[in-house]
Amino acid sequence: MKLGVNIDHIATLRNARRINEPDPLMALHFLKEAGADQVTIHLREDRRHITDFDAKRIIENSFLPVNIECSINPEIIDIICKLKPHRATLVPEKREEVTTEGGLDVIRLEKEIKNVIEKLKENEIEVSLFIDPDFEQIKKSAEIGVELIELHTGKYANLHLALNTNINQTPFKVFEKFDRKTLKKELELELKLIKDAAKLGVDLGLEVAAGHGLNFQNVKEIANIKEIIELNIGHSIIANSVFLGLKNAIIKMKELIG
Ligand code: PXP
């Protein structure tokens, strides 16, 4: 299983102090040493963590392919075309959200997304679509000319946390009314949905990645889905690197996903 390590939150920590450390550029060395397969960054419209300057330096200096997550906003797409990362993963983006909530609506935004895909491909940038494990979204993605999709595992991860911890804030509040039996059932259903979605993607000729909310506790079940070839993991790796060091946190994740 390939591992893309999302290093945005190194920049989140740096920006909390508005100074120059920790520098996300320094992560590249540790990613390579630990055997990561890809660097993932999200150039958000509000630049809350990774900046244009970070993205430029990371792309210019990375030993590994760089996957930039971005919205379909034309200004952002122009920047991405100039930056020329290996891959762009198109994601929905809302200014007020804490993290990417839900997948891209490829059905509703078909025309806009098609134009963006064309532009990125003209610039020799591979394109992936970050979508929910929803059969209709997968079919539409295959239809509009991408070779790769990333399935959003956020609901699975949130159910896993709701079942296994006492955390009781949004987004877990939505599960507040569920008793443990219902939570377990919902978790099983979501896992089955991700499995079936990955299989459908492969049957339609797509490569399938997955990510969001994955951590040491919940990653194995997703990594065991044979149709999924890559995971992109950020928050939990960076969070655990406070205690283990970045290299060890990545090695531990690599061991779990095989
Ligand atoms: N994949 C995509 C497309 C994302 O937008 C994100 C979050 O930036 C991730 C993976 C990583 O999510 P997490 O930080 O929860 O591991």
# chains A, B, ... in the order shown; residues from 1 in each chain; ligands from 1
>>> residues_around(residues="Asp54 (chain A)", least_positions_apart="6", cutoff="10 Å", atoms="only C-alpha atoms", output="PyMOL selection string")
chain A and resi 8+11+23-25+41+43+60
>>> write_last_selection(atoms="all heavy atoms", output="JSON list (two decimals), in the first residue's frame")
[["chain", "number", "residue", "atom", "x", "y", "z"],
["A", 8, "ASP", "N", 0.46, 19.36, 5.92],
["A", 8, "ASP", "CA", -0.14, 20.69, 6.17],
["A", 8, "ASP", "C", 0.03, 21.16, 7.61],
["A", 8, "ASP", "O", 0.25, 22.34, 7.87],
["A", 8, "ASP", "CB", -1.65, 20.66, 5.92],
["A", 8, "ASP", "CG", -1.99, 20.41, 4.48],
["A", 8, "ASP", "OD1", -1.13, 20.62, 3.61],
["A", 8, "ASP", "OD2", -3.14, 19.98, 4.23],
["A", 11, "ALA", "N", 2.77, 23.21, 8.95],
["A", 11, "ALA", "CA", 2.59, 24.65, 8.69],
["A", 11, "ALA", "C", 1.56, 25.26, 9.66],
["A", 11, "ALA", "O", 1.69, 26.42, 10.06],
["A", 11, "ALA", "CB", 2.17, 24.87, 7.24],
["A", 23, "ASP", "N", 9.45, 24.15, 9.84],
["A", 23, "ASP", "CA", 9.37, 24.42, 8.40],
["A", 23, "ASP", "C", 8.92, 23.14, 7.68],
["A", 23, "ASP", "O", 9.63, 22.12, 7.75],
["A", 23, "ASP", "CB", 10.77, 24.85, 7.92],
["A", 23, "ASP", "CG", 10.76, 25.27, 6.45],
["A", 23, "ASP", "OD1", 9.78, 24.96, 5.74],
["A", 23, "ASP", "OD2", 11.75, 25.88, 6.02],
["A", 24, "PRO", "N", 7.77, 23.17, 6.99],
["A", 24, "PRO", "CA", 7.32, 21.94, 6.31],
["A", 24, "PRO", "C", 8.33, 21.39, 5.32],
["A", 24, "PRO", "O", 8.35, 20.18, 5.05],
["A", 24, "PRO", "CB", 6.02, 22.35, 5.61],
["A", 24, "PRO", "CG", 5.83, 23.80, 5.82],
["A", 24, "PRO", "CD", 6.82, 24.28, 6.84],
["A", 25, "LEU", "N", 9.18, 22.25, 4.79],
["A", 25, "LEU", "CA", 10.20, 21.78, 3.85],
["A", 25, "LEU", "C", 11.11, 20.73, 4.49],
["A", 25, "LEU", "O", 11.54, 19.76, 3.85],
["A", 25, "LEU", "CB", 11.04, 22.96, 3.35],
["A", 25, "LEU", "CG", 12.05, 22.64, 2.25],
["A", 25, "LEU", "CD1", 11.34, 22.29, 0.95],
["A", 25, "LEU", "CD2", 13.01, 23.81, 2.04],
["A", 41, "ILE", "N", 0.04, 17.98, 0.09],
["A", 41, "ILE", "CA", -0.22, 19.29, 0.73],
["A", 41, "ILE", "C", -1.52, 19.84, 0.18],
["A", 41, "ILE", "O", -1.93, 19.49, -0.92],
["A", 41, "ILE", "CB", 0.94, 20.31, 0.47],
["A", 41, "ILE", "CG1", 1.28, 20.40, -1.02],
["A", 41, "ILE", "CG2", 2.17, 19.98, 1.30],
["A", 41, "ILE", "CD1", 2.36, 21.43, -1.35],
["A", 43, "LEU", "N", -3.24, 23.37, -0.71],
["A", 43, "LEU", "CA", -3.13, 24.83, -0.85],
["A", 43, "LEU", "C", -4.55, 25.39, -0.76],
["A", 43, "LEU", "O", -5.28, 25.47, -1.75],
["A", 43, "LEU", "CB", -2.48, 25.20, -2.20],
["A", 43, "LEU", "CG", -2.15, 26.67, -2.37],
["A", 43, "LEU", "CD1", -1.03, 27.10, -1.43],
["A", 43, "LEU", "CD2", -1.75, 26.99, -3.82],
["A", 60, "GLU", "N", 9.82, 22.09, -5.66],
["A", 60, "GLU", "CA", 11.17, 22.20, -6.23],
["A", 60, "GLU", "C", 12.17, 21.25, -5.57],
["A", 60, "GLU", "O", 13.14, 20.84, -6.18],
["A", 60, "GLU", "CB", 11.68, 23.63, -6.09],
["A", 60, "GLU", "CG", 11.08, 24.55, -7.15],
["A", 60, "GLU", "CD", 11.43, 26.01, -6.94],
["A", 60, "GLU", "OE1", 12.18, 26.35, -6.00],
["A", 60, "GLU", "OE2", 10.92, 26.83, -7.71]]
>>> residues_near_ligand(ligand="ligand 1", cutoff="7 Å", atoms="only C-alpha atoms and all ligand atoms", output="list in words")
Asn6, His42, Glu69, Thr89, Val91, Thr99, Thr100, Phe130, Glu150, Ala210, Gly211, His212, Gly213, Leu214, Asn232, Ile233, Gly234, His235 and Ser236 of chain A
>>> select_by_dssp(residues="region 11-174 of chain A", states="helix (DSSP H, G or I)", output="number ranges by chain")
A: 11-17, 24-34, 52-61, 74-83, 110-122, 135-143, 154-164, 172-174
>>> residues_around(residues="Asn218 (chain A)", least_positions_apart="3", cutoff="7 Å", atoms="only C-alpha atoms", output="list in words")
Ala157, His160, Leu214, Asn215 and Glu221 of chain A
>>> residues_around(residues="region 169-182 of chain A", least_positions_apart="4", cutoff="12 Å", atoms="only C-alpha atoms", output="JSON, numbers by chain")
{"A": [97, 98, 99, 100, 101, 102, 154, 155, 156, 157, 158, 159, 160, 161, 162, 163, 164, 165, 186, 187, 188, 189, 213]}
>>> closest_residue(among="A:Lys2, A:Lys140, A:Lys252, A:Lys220", to="Pro65 (chain A)", atoms="only C-alpha atoms")
A:Lys2
>>> residues_around(residues="Asp37 (chain A)", least_positions_apart="6", cutoff="7 Å", atoms="only C-alpha atoms", output="list of chain:residue names")
A:Lys2, A:Leu3, A:Gly4, A:Leu64
>>> write_last_selection(atoms="all heavy atoms", output="compact mmCIF listing (two decimals), in the first residue's frame")
# COMPACT_ATOMS: atom_id res chain seq x y z
N LYS A 2 0.59 2.17 -0.92
CA LYS A 2 1.35 3.43 -0.94
C LYS A 2 0.84 4.38 0.14
O LYS A 2 -0.37 4.40 0.43
CB LYS A 2 1.19 4.10 -2.29
CG LYS A 2 1.95 3.44 -3.40
CD LYS A 2 1.94 4.39 -4.60
CE LYS A 2 2.27 3.64 -5.86
NZ LYS A 2 1.85 4.36 -7.05
N LEU A 3 1.77 5.16 0.68
CA LEU A 3 1.38 6.15 1.70
C LEU A 3 1.78 7.56 1.27
O LEU A 3 2.96 7.84 1.06
CB LEU A 3 2.04 5.81 3.05
CG LEU A 3 1.78 6.82 4.18
CD1 LEU A 3 0.30 6.88 4.55
CD2 LEU A 3 2.62 6.48 5.42
N GLY A 4 0.77 8.42 1.15
CA GLY A 4 1.02 9.85 0.96
C GLY A 4 0.90 10.51 2.33
O GLY A 4 -0.09 10.29 3.04
N LEU A 64 10.16 13.03 -3.57
CA LEU A 64 8.97 12.19 -3.78
C LEU A 64 7.96 12.95 -4.64
O LEU A 64 7.98 14.20 -4.64
CB LEU A 64 8.32 11.87 -2.43
CG LEU A 64 9.18 11.09 -1.43
CD1 LEU A 64 8.49 11.03 -0.08
CD2 LEU A 64 9.44 9.68 -1.95
>>> select_by_dssp(residues="region 4-197 of chain A", states="strand (DSSP E or B)", output="list in words")
Gly4, Val5, Asn6, Gln38, Val39, Thr40, Ile41, His42, Val66, Asn67, Ile68, Glu69, Cys70, Arg87, Ala88, Thr89, Leu90, Glu126, Val127, Ser128, Leu129, Phe130, Ile131, Leu148, Ile149, Glu150, Leu151 and His152 of chain A
>>> residues_around(residues="Lys114 (chain A)", least_positions_apart="5", cutoff="9 Å", atoms="only C-alpha atoms", output="MDAnalysis selection string")
chainID A and resid 109 119 144:145
>>> write_last_selection(atoms="C-alpha atoms", output="mmCIF file, in the first residue's frame")
data_model
loop_
_atom_site.group_PDB
_atom_site.id
_atom_site.type_symbol
_atom_site.label_atom_id
_atom_site.label_comp_id
_atom_site.auth_asym_id
_atom_site.auth_seq_id
_atom_site.Cartn_x
_atom_site.Cartn_y
_atom_site.Cartn_z
ATOM 1 C CA LEU A 109 -20.168 20.417 -10.941
ATOM 2 C CA LYS A 119 -6.450 22.408 -18.036
ATOM 3 C CA ILE A 144 -15.447 12.551 -17.218
ATOM 4 C CA GLY A 145 -11.903 11.402 -17.801
#
>>> closest_residue(among="A:Ser128, A:Ala88, A:Glu75, A:Ser141", to="Arg108 (chain A)", atoms="only C-alpha atoms")
A:Ser141
>>> atom_distance(atom1="CA of Glu122 (chain A)", atom2="CA of Pro85 (chain A)")
13.0 Å
>>> atom_distance(atom1="CA of Glu230 (chain A)", atom2="CA of Lys184 (chain A)")
25.7 Å
>>> residues_around(residues="Lys254 (chain A)", least_positions_apart="5", cutoff="9 Å", atoms="only C-alpha atoms", output="short mmCIF file (atom, residue, chain, number, x, y, z; two decimals) with C-alpha atoms, in the first residue's frame")
data_model
loop_
_atom_site.label_atom_id
_atom_site.label_comp_id
_atom_site.auth_asym_id
_atom_site.auth_seq_id
_atom_site.Cartn_x
_atom_site.Cartn_y
_atom_site.Cartn_z
CA MET A 1 0.00 0.00 0.00
CA LYS A 2 1.35 3.43 -0.94
CA LEU A 3 1.38 6.15 1.70
CA ALA A 34 10.73 6.67 6.59
CA GLY A 35 9.69 5.21 3.23
CA ALA A 36 6.70 7.43 2.43
CA ALA A 249 5.24 8.03 13.19
#
>>> atom_distance(atom1="CA of Ile10 (chain A)", atom2="CA of Leu129 (chain A)")
24.2 Å
>>> closest_residue(among="A:His49, A:Ile113, A:Arg44, A:Leu200", to="Leu151 (chain A)", atoms="only C-alpha atoms")
A:Leu200
>>> closest_residue(among="A:Ile237, A:Ala55, A:Val202, A:Ile50", to="Arg14 (chain A)", atoms="only C-alpha atoms")
A:Ile50
>>> closest_residue(among="A:Leu28, A:Leu244, A:Leu256, A:Ile238", to="Leu13 (chain A)", atoms="only C-alpha atoms")
A:Ile238
>>> closest_residue(among="A:Ile167, A:Ile76, A:Ala239, A:Ile138", to="Asp196 (chain A)", atoms="only C-alpha atoms")
A:Ile138
